[in-house]
Amino acid sequence: DSGVTQTPKHLITATGQRVTLRCSPRSGDLSVYWYQQSLDQGLQFLIQYYNGEERAKGNILERFSAQQFPDLHSELNLSSLELGDSALYFCASSVGSGGYNEQFFGPGTRLTVL
Amino acid sequence: DAKTTQPPSMDCAEGRAANLPCNHSTISGNEYVYWYRQIHSQGPQYIIHGLKNNETNEMASLIITEDRKSSTLILPHATLRDTAVYYCTTISGAGSYQLTFGKGTKLSVIP
């Protein structure tokens, strides 16, 4: 158990819909990262927040957005869903914001778009 | 462009040492080598990291060549629970906070 929690575990929805994925980092960690993992593309970095502020952005679509709240939990919002958005979405947390901090991953949310 | 290259799969007998190689020939001076693994569809799990010296922790040992162009992750006594995909990556502390994984090595530990 990494100490990072993600809800829900599974999500099945239809194209065009909007969903929200939630992540609670490990106690004491200030950074939250979101990743997407699909079979054909491997692990893709989406976005990082550090202590409530956006710190780095990766291959995140405009239809996706995220935020980190004062209690440090984070939410990833996915809208106008397409079939290709079906994937595992992982949240990770780390103590600091720099690249030398190891990241602890949550169990993931499996999103299926029908 | 892939930053690292790893063999797609390896087998290891239970109880024996598993040696997983990784090439990172374009690594720069301030980049660390990190290893993670992913068991089935669980979240990736941090194993170990190093800059240029060999490192050891309770999970594994990391051997980095003197020119830093390759490394080997060693699981000293592999168990069935070590069956997973192992990812090697490099991370710079100077701004590349995100992890990027290639295809990794699928390690199968055989009874």
# chains A, B, ... in the order shown; residues from 1 in each chain; ligands from 1

call {"tool": "residues_around", "arguments": {"residues": "stretch 31-45 of chain B", "least_positions_apart": "5", "cutoff": "6 Å", "atoms": "only C-alpha atoms", "output": "list of chain:residue names"}}
result
A:Phe105, A:Gly106, A:Pro107, B:Gly50, B:Leu51, B:Ala84, B:Val85, B:Tyr86, B:Tyr87, B:Cys88, B:Thr89, B:Thr90, B:Ile91, B:Ser92

call {"tool": "interface_residues", "arguments": {"of": "chain A", "to": "chain B", "cutoff": "10 Å", "atoms": "only C-alpha atoms", "output": "JSON list (two decimals) with N, CA, C and O atoms, in the first residue's frame"}}
result
[["chain", "number", "residue", "atom", "x", "y", "z"],
["A", 1, "ASP", "N", 0.85, -1.19, 0.00],
["A", 1, "ASP", "CA", 0.00, 0.00, 0.00],
["A", 1, "ASP", "C", 0.89, 1.25, 0.00],
["A", 1, "ASP", "O", 1.68, 1.46, 0.91],
["A", 2, "SER", "N", 0.76, 2.05, -1.06],
["A", 2, "SER", "CA", 1.63, 3.21, -1.21],
["A", 2, "SER", "C", 1.21, 4.37, -0.32],
["A", 2, "SER", "O", 1.98, 5.30, -0.10],
["A", 4, "VAL", "N", -1.26, 6.31, -1.27],
["A", 4, "VAL", "CA", -2.00, 7.17, -2.19],
["A", 4, "VAL", "C", -3.33, 6.48, -2.51],
["A", 4, "VAL", "O", -3.35, 5.30, -2.84],
["A", 33, "TYR", "N", 0.89, 14.10, -9.18],
["A", 33, "TYR", "CA", 1.08, 13.91, -10.62],
["A", 33, "TYR", "C", -0.08, 13.06, -11.14],
["A", 33, "TYR", "O", -0.52, 12.13, -10.48],
["A", 34, "TRP", "N", -0.49, 13.35, -12.37],
["A", 34, "TRP", "CA", -1.50, 12.52, -13.04],
["A", 34, "TRP", "C", -0.87, 11.90, -14.29],
["A", 34, "TRP", "O", -0.18, 12.59, -15.06],
["A", 35, "TYR", "N", -1.14, 10.60, -14.47],
["A", 35, "TYR", "CA", -0.64, 9.87, -15.61],
["A", 35, "TYR", "C", -1.79, 9.09, -16.26],
["A", 35, "TYR", "O", -2.73, 8.67, -15.60],
["A", 37, "GLN", "N", -2.34, 5.68, -18.71],
["A", 37, "GLN", "CA", -1.69, 4.51, -19.26],
["A", 37, "GLN", "C", -2.66, 3.73, -20.13],
["A", 37, "GLN", "O", -3.65, 3.19, -19.65],
["A", 40, "ASP", "N", -1.48, 0.94, -25.91],
["A", 40, "ASP", "CA", -0.61, 1.24, -27.04],
["A", 40, "ASP", "C", 0.37, 2.38, -26.78],
["A", 40, "ASP", "O", 1.32, 2.56, -27.54],
["A", 41, "GLN", "N", 0.15, 3.15, -25.72],
["A", 41, "GLN", "CA", 1.02, 4.31, -25.51],
["A", 41, "GLN", "C", 1.81, 4.29, -24.22],
["A", 41, "GLN", "O", 2.52, 5.22, -23.92],
["A", 42, "GLY", "N", 1.69, 3.29, -23.43],
["A", 42, "GLY", "CA", 2.48, 3.25, -22.21],
["A", 42, "GLY", "C", 2.03, 4.33, -21.23],
["A", 42, "GLY", "O", 0.94, 4.86, -21.30],
["A", 43, "LEU", "N", 2.91, 4.68, -20.32],
["A", 43, "LEU", "CA", 2.60, 5.66, -19.28],
["A", 43, "LEU", "C", 2.87, 7.06, -19.81],
["A", 43, "LEU", "O", 4.00, 7.38, -20.18],
["A", 44, "GLN", "N", 1.85, 7.90, -19.81],
["A", 44, "GLN", "CA", 1.97, 9.27, -20.31],
["A", 44, "GLN", "C", 1.71, 10.25, -19.18],
["A", 44, "GLN", "O", 0.67, 10.19, -18.51],
["A", 45, "PHE", "N", 2.63, 11.17, -18.98],
["A", 45, "PHE", "CA", 2.47, 12.19, -17.96],
["A", 45, "PHE", "C", 1.45, 13.23, -18.43],
["A", 45, "PHE", "O", 1.49, 13.70, -19.57],
["A", 46, "LEU", "N", 0.54, 13.58, -17.56],
["A", 46, "LEU", "CA", -0.47, 14.57, -17.91],
["A", 46, "LEU", "C", -0.17, 15.92, -17.27],
["A", 46, "LEU", "O", -0.02, 16.93, -17.95],
["A", 47, "ILE", "N", -0.08, 15.96, -15.93],
["A", 47, "ILE", "CA", 0.07, 17.24, -15.26],
["A", 47, "ILE", "C", 0.57, 17.02, -13.84],
["A", 47, "ILE", "O", 0.38, 15.95, -13.26],
["A", 48, "GLN", "N", 1.25, 18.04, -13.29],
["A", 48, "GLN", "CA", 1.74, 18.00, -11.92],
["A", 48, "GLN", "C", 1.29, 19.25, -11.18],
["A", 48, "GLN", "O", 1.34, 20.37, -11.73],
["A", 55, "ARG", "N", 2.56, 22.90, -11.68],
["A", 55, "ARG", "CA", 4.02, 22.98, -11.76],
["A", 55, "ARG", "C", 4.55, 22.52, -13.11],
["A", 55, "ARG", "O", 5.53, 23.04, -13.60],
["A", 56, "ALA", "N", 3.92, 21.53, -13.70],
["A", 56, "ALA", "CA", 4.39, 21.05, -15.00],
["A", 56, "ALA", "C", 3.22, 20.45, -15.76],
["A", 56, "ALA", "O", 2.27, 19.93, -15.17],
["A", 57, "LYS", "N", 3.28, 20.59, -17.07],
["A", 57, "LYS", "CA", 2.21, 20.10, -17.92],
["A", 57, "LYS", "C", 2.81, 19.18, -18.98],
["A", 57, "LYS", "O", 3.84, 19.49, -19.56],
["A", 58, "GLY", "N", 2.14, 18.08, -19.21],
["A", 58, "GLY", "CA", 2.60, 17.14, -20.22],
["A", 58, "GLY", "C", 1.61, 17.06, -21.36],
["A", 58, "GLY", "O", 1.09, 18.07, -21.82],
["A", 88, "LEU", "N", -6.13, 3.45, -18.07],
["A", 88, "LEU", "CA", -5.90, 3.51, -16.63],
["A", 88, "LEU", "C", -5.35, 4.90, -16.31],
["A", 88, "LEU", "O", -4.44, 5.38, -17.00],
["A", 89, "TYR", "N", -5.89, 5.52, -15.31],
["A", 89, "TYR", "CA", -5.41, 6.84, -14.88],
["A", 89, "TYR", "C", -4.81, 6.69, -13.49],
["A", 89, "TYR", "O", -5.47, 6.28, -12.55],
["A", 90, "PHE", "N", -3.54, 7.04, -13.41],
["A", 90, "PHE", "CA", -2.84, 6.94, -12.13],
["A", 90, "PHE", "C", -2.54, 8.31, -11.58],
["A", 90, "PHE", "O", -2.21, 9.25, -12.31],
["A", 91, "CYS", "N", -2.61, 8.39, -10.30],
["A", 91, "CYS", "CA", -2.15, 9.55, -9.56],
["A", 91, "CYS", "C", -0.92, 9.12, -8.78],
["A", 91, "CYS", "O", -0.84, 7.97, -8.31],
["A", 92, "ALA", "N", 0.05, 10.00, -8.67],
["A", 92, "ALA", "CA", 1.23, 9.73, -7.86],
["A", 92, "ALA", "C", 1.50, 10.95, -7.00],
["A", 92, "ALA", "O", 1.08, 12.06, -7.33],
["A", 97, "SER", "N", 8.92, 18.86, -5.24],
["A", 97, "SER", "CA", 8.48, 19.12, -6.61],
["A", 97, "SER", "C", 9.51, 18.76, -7.65],
["A", 97, "SER", "O", 9.24, 18.76, -8.83],
["A", 98, "GLY", "N", 10.71, 18.45, -7.22],
["A", 98, "GLY", "CA", 11.79, 18.22, -8.16],
["A", 98, "GLY", "C", 11.87, 16.80, -8.67],
["A", 98, "GLY", "O", 11.23, 15.89, -8.16],
["A", 99, "GLY", "N", 12.72, 16.62, -9.68],
["A", 99, "GLY", "CA", 12.80, 15.32, -10.33],
["A", 99, "GLY", "C", 13.47, 14.25, -9.50],
["A", 99, "GLY", "O", 13.37, 13.08, -9.83],
["A", 100, "TYR", "N", 14.15, 14.60, -8.43],
["A", 100, "TYR", "CA", 14.84, 13.58, -7.67],
["A", 100, "TYR", "C", 13.96, 12.94, -6.59],
["A", 100, "TYR", "O", 14.40, 12.06, -5.87],
["A", 101, "ASN", "N", 12.74, 13.40, -6.48],
["A", 101, "ASN", "CA", 11.85, 12.83, -5.47],
["A", 101, "ASN", "C", 11.15, 11.61, -6.03],
["A", 101, "ASN", "O", 10.55, 11.67, -7.09],
["A", 102, "GLU", "N", 11.23, 10.48, -5.32],
["A", 102, "GLU", "CA", 10.53, 9.30, -5.81],
["A", 102, "GLU", "C", 9.04, 9.53, -5.72],
["A", 102, "GLU", "O", 8.55, 10.22, -4.83],
["A", 103, "GLN", "N", 8.35, 8.96, -6.68],
["A", 103, "GLN", "CA", 6.90, 9.11, -6.75],
["A", 103, "GLN", "C", 6.22, 7.84, -6.29],
["A", 103, "GLN", "O", 6.63, 6.74, -6.64],
["A", 104, "PHE", "N", 5.17, 8.00, -5.51],
["A", 104, "PHE", "CA", 4.38, 6.88, -5.00],
["A", 104, "PHE", "C", 3.04, 6.89, -5.73],
["A", 104, "PHE", "O", 2.33, 7.90, -5.71],
["A", 105, "PHE", "N", 2.72, 5.77, -6.33],
["A", 105, "PHE", "CA", 1.54, 5.69, -7.18],
["A", 105, "PHE", "C", 0.35, 5.11, -6.44],
["A", 105, "PHE", "O", 0.48, 4.20, -5.62],
["A", 106, "GLY", "N", -0.82, 5.62, -6.80],
["A", 106, "GLY", "CA", -2.05, 5.03, -6.32],
["A", 106, "GLY", "C", -2.42, 3.81, -7.15],
["A", 106, "GLY", "O", -1.74, 3.48, -8.12],
["A", 107, "PRO", "N", -3.53, 3.14, -6.79],
["A", 107, "PRO", "CA", -3.94, 1.92, -7.48],
["A", 107, "PRO", "C", -4.55, 2.17, -8.85],
["A", 107, "PRO", "O", -4.73, 1.24, -9.62],
["A", 108, "GLY", "N", -4.87, 3.42, -9.16],
["A", 108, "GLY", "CA", -5.40, 3.75, -10.47],
["A", 108, "GLY", "C", -6.91, 3.72, -10.55],
["A", 108, "GLY", "O", -7.60, 3.11, -9.72],
["A", 109, "THR", "N", -7.42, 4.41, -11.57],
["A", 109, "THR", "CA", -8.84, 4.36, -11.94],
["A", 109, "THR", "C", -8.91, 3.85, -13.37],
["A", 109, "THR", "O", -8.26, 4.41, -14.26],
["A", 110, "ARG", "N", -9.66, 2.78, -13.56],
["A", 110, "ARG", "CA", -9.82, 2.24, -14.92],
["A", 110, "ARG", "C", -11.06, 2.87, -15.52],
["A", 110, "ARG", "O", -12.17, 2.66, -15.06]]

call {"tool": "atom_distance", "arguments": {"atom1": "atom CA of B:Asn57", "atom2": "atom CA of B:His77"}}
result
13.4 Å

call {"tool": "closest_residue", "arguments": {"among": "B:Ile64, B:Cys12, B:Cys22, B:Ala17", "to": "B:Thr105", "atoms": "only C-alpha atoms"}}
result
B:Cys22

call {"tool": "closest_residue", "arguments": {"among": "A:Val95, A:Leu81, A:Ala87, A:Ile60", "to": "A:Thr13", "atoms": "only C-alpha atoms"}}
result
A:Leu81

call {"tool": "select_by_dssp", "arguments": {"residues": "chain A", "states": "strand (DSSP E)", "output": "PyMOL selection string"}}
result
chain A and resi 5-7+10-13+19-24+31-38+42-50+53-57+64-68+74-78+87-94+104-105+109-113

call {"tool": "closest_residue", "arguments": {"among": "A:Gln67, A:Val113, A:Gly3, A:Arg18", "to": "A:Leu83", "atoms": "only C-alpha atoms"}}
result
A:Val113

call {"tool": "closest_residue", "arguments": {"among": "B:Ile27, B:Lys3, B:Gly15, B:Pro8", "to": "B:Ala78", "atoms": "only C-alpha atoms"}}
result
B:Gly15

call {"tool": "closest_residue", "arguments": {"among": "A:Glu62, A:Ser94, A:Leu114, A:Glu53", "to": "A:Ser31", "atoms": "only C-alpha atoms"}}
result
A:Ser94

call {"tool": "atom_distance", "arguments": {"atom1": "atom CA of B:Leu20", "atom2": "atom CA of B:Leu73"}}
result
5.0 Å

call {"tool": "decode", "arguments": {"residues": "stretch 9-39 of chain A", "atoms": "N, CA, C and O atoms", "output": "compact mmCIF listing (two decimals), in the first residue's frame"}}
result
# COMPACT_ATOMS: atom_id res chain seq x y z
N LYS A 9 -12.45 3.13 -8.41
CA LYS A 9 -11.54 2.14 -8.98
C LYS A 9 -11.88 1.88 -10.45
O LYS A 9 -10.98 1.71 -11.27
N HIS A 10 -13.14 1.84 -10.73
CA HIS A 10 -13.60 1.59 -12.10
C HIS A 10 -14.67 2.62 -12.44
O HIS A 10 -15.45 3.02 -11.57
N LEU A 11 -14.69 2.99 -13.70
CA LEU A 11 -15.68 3.96 -14.17
C LEU A 11 -16.04 3.58 -15.60
O LEU A 11 -15.16 3.46 -16.46
N ILE A 12 -17.32 3.37 -15.84
CA ILE A 12 -17.80 3.08 -17.18
C ILE A 12 -18.78 4.18 -17.55
O ILE A 12 -19.72 4.47 -16.81
N THR A 13 -18.56 4.79 -18.71
CA THR A 13 -19.39 5.91 -19.11
C THR A 13 -19.51 5.92 -20.63
O THR A 13 -18.92 5.09 -21.32
N ALA A 14 -20.25 6.85 -21.13
CA ALA A 14 -20.50 6.92 -22.57
C ALA A 14 -19.74 8.09 -23.19
O ALA A 14 -19.33 9.03 -22.52
N THR A 15 -19.58 8.01 -24.51
CA THR A 15 -18.92 9.11 -25.21
C THR A 15 -19.69 10.40 -25.01
O THR A 15 -20.92 10.39 -24.87
N GLY A 16 -18.94 11.48 -24.91
CA GLY A 16 -19.54 12.80 -24.71
C GLY A 16 -19.75 13.19 -23.27
O GLY A 16 -20.02 14.35 -22.97
N GLN A 17 -19.62 12.24 -22.37
CA GLN A 17 -19.86 12.51 -20.96
C GLN A 17 -18.64 13.15 -20.29
O GLN A 17 -17.56 13.26 -20.88
N ARG A 18 -18.85 13.53 -19.02
CA ARG A 18 -17.78 14.14 -18.22
C ARG A 18 -17.64 13.34 -16.92
O ARG A 18 -18.65 12.93 -16.34
N VAL A 19 -16.40 13.11 -16.51
CA VAL A 19 -16.16 12.38 -15.27
C VAL A 19 -15.09 13.11 -14.44
O VAL A 19 -14.31 13.91 -14.98
N THR A 20 -15.09 12.81 -13.16
CA THR A 20 -14.08 13.37 -12.26
C THR A 20 -13.40 12.25 -11.50
O THR A 20 -14.07 11.40 -10.89
N LEU A 21 -12.08 12.24 -11.56
CA LEU A 21 -11.28 11.26 -10.84
C LEU A 21 -10.64 11.98 -9.65
O LEU A 21 -10.18 13.11 -9.78
N ARG A 22 -10.58 11.26 -8.54
CA ARG A 22 -10.09 11.89 -7.32
C ARG A 22 -8.85 11.18 -6.79
O ARG A 22 -8.74 9.96 -6.89
N CYS A 23 -7.96 11.96 -6.21
CA CYS A 23 -6.71 11.42 -5.67
C CYS A 23 -6.38 12.08 -4.35
O CYS A 23 -6.43 13.31 -4.23
N SER A 24 -6.01 11.26 -3.36
CA SER A 24 -5.50 11.78 -2.10
C SER A 24 -4.05 11.36 -1.96
O SER A 24 -3.77 10.15 -1.97
N PRO A 25 -3.13 12.30 -1.85
CA PRO A 25 -1.71 11.94 -1.77
C PRO A 25 -1.35 11.34 -0.42
O PRO A 25 -2.15 11.36 0.51
N ARG A 26 -0.15 10.83 -0.32
CA ARG A 26 0.37 10.36 0.95
C ARG A 26 0.45 11.53 1.92
O ARG A 26 0.67 12.67 1.51
N SER A 27 0.29 11.22 3.19
CA SER A 27 0.40 12.26 4.20
C SER A 27 1.77 12.93 4.12
O SER A 27 2.80 12.26 4.11
N GLY A 28 1.77 14.24 4.02
CA GLY A 28 3.03 14.98 3.97
C GLY A 28 3.53 15.29 2.57
O GLY A 28 4.43 16.12 2.40
N ASP A 29 2.98 14.61 1.56
CA ASP A 29 3.42 14.88 0.19
C ASP A 29 2.71 16.11 -0.35
O ASP A 29 1.50 16.24 -0.22
N LEU A 30 3.47 16.97 -1.01
CA LEU A 30 2.90 18.21 -1.53
C LEU A 30 2.66 18.16 -3.04
O LEU A 30 1.89 18.96 -3.57
N SER A 31 3.34 17.25 -3.71
CA SER A 31 3.20 17.15 -5.17
C SER A 31 2.24 16.03 -5.55
O SER A 31 2.28 14.94 -4.97
N VAL A 32 1.43 16.32 -6.54
CA VAL A 32 0.55 15.30 -7.11
C VAL A 32 0.77 15.30 -8.62
O VAL A 32 0.85 16.35 -9.26
N TYR A 33 0.89 14.10 -9.18
CA TYR A 33 1.08 13.91 -10.62
C TYR A 33 -0.08 13.06 -11.14
O TYR A 33 -0.52 12.13 -10.48
N TRP A 34 -0.49 13.35 -12.37
CA TRP A 34 -1.50 12.52 -13.04
C TRP A 34 -0.87 11.90 -14.29
O TRP A 34 -0.18 12.59 -15.06
N TYR A 35 -1.14 10.60 -14.47
CA TYR A 35 -0.64 9.87 -15.61
C TYR A 35 -1.79 9.09 -16.26
O TYR A 35 -2.73 8.67 -15.60
N GLN A 36 -1.66 8.90 -17.56
CA GLN A 36 -2.59 8.06 -18.30
C GLN A 36 -1.80 6.87 -18.86
O GLN A 36 -0.70 7.05 -19.40
N GLN A 37 -2.34 5.68 -18.71
CA GLN A 37 -1.69 4.51 -19.26
C GLN A 37 -2.66 3.73 -20.13
O GLN A 37 -3.65 3.19 -19.65
N SER A 38 -2.36 3.68 -21.40
CA SER A 38 -3.15 2.86 -22.31
C SER A 38 -2.23 1.80 -22.89
O SER A 38 -1.01 1.91 -22.83
N LEU A 39 -2.86 0.77 -23.48
CA LEU A 39 -2.08 -0.38 -23.96
C LEU A 39 -1.07 0.03 -25.02
O LEU A 39 0.05 -0.45 -25.05
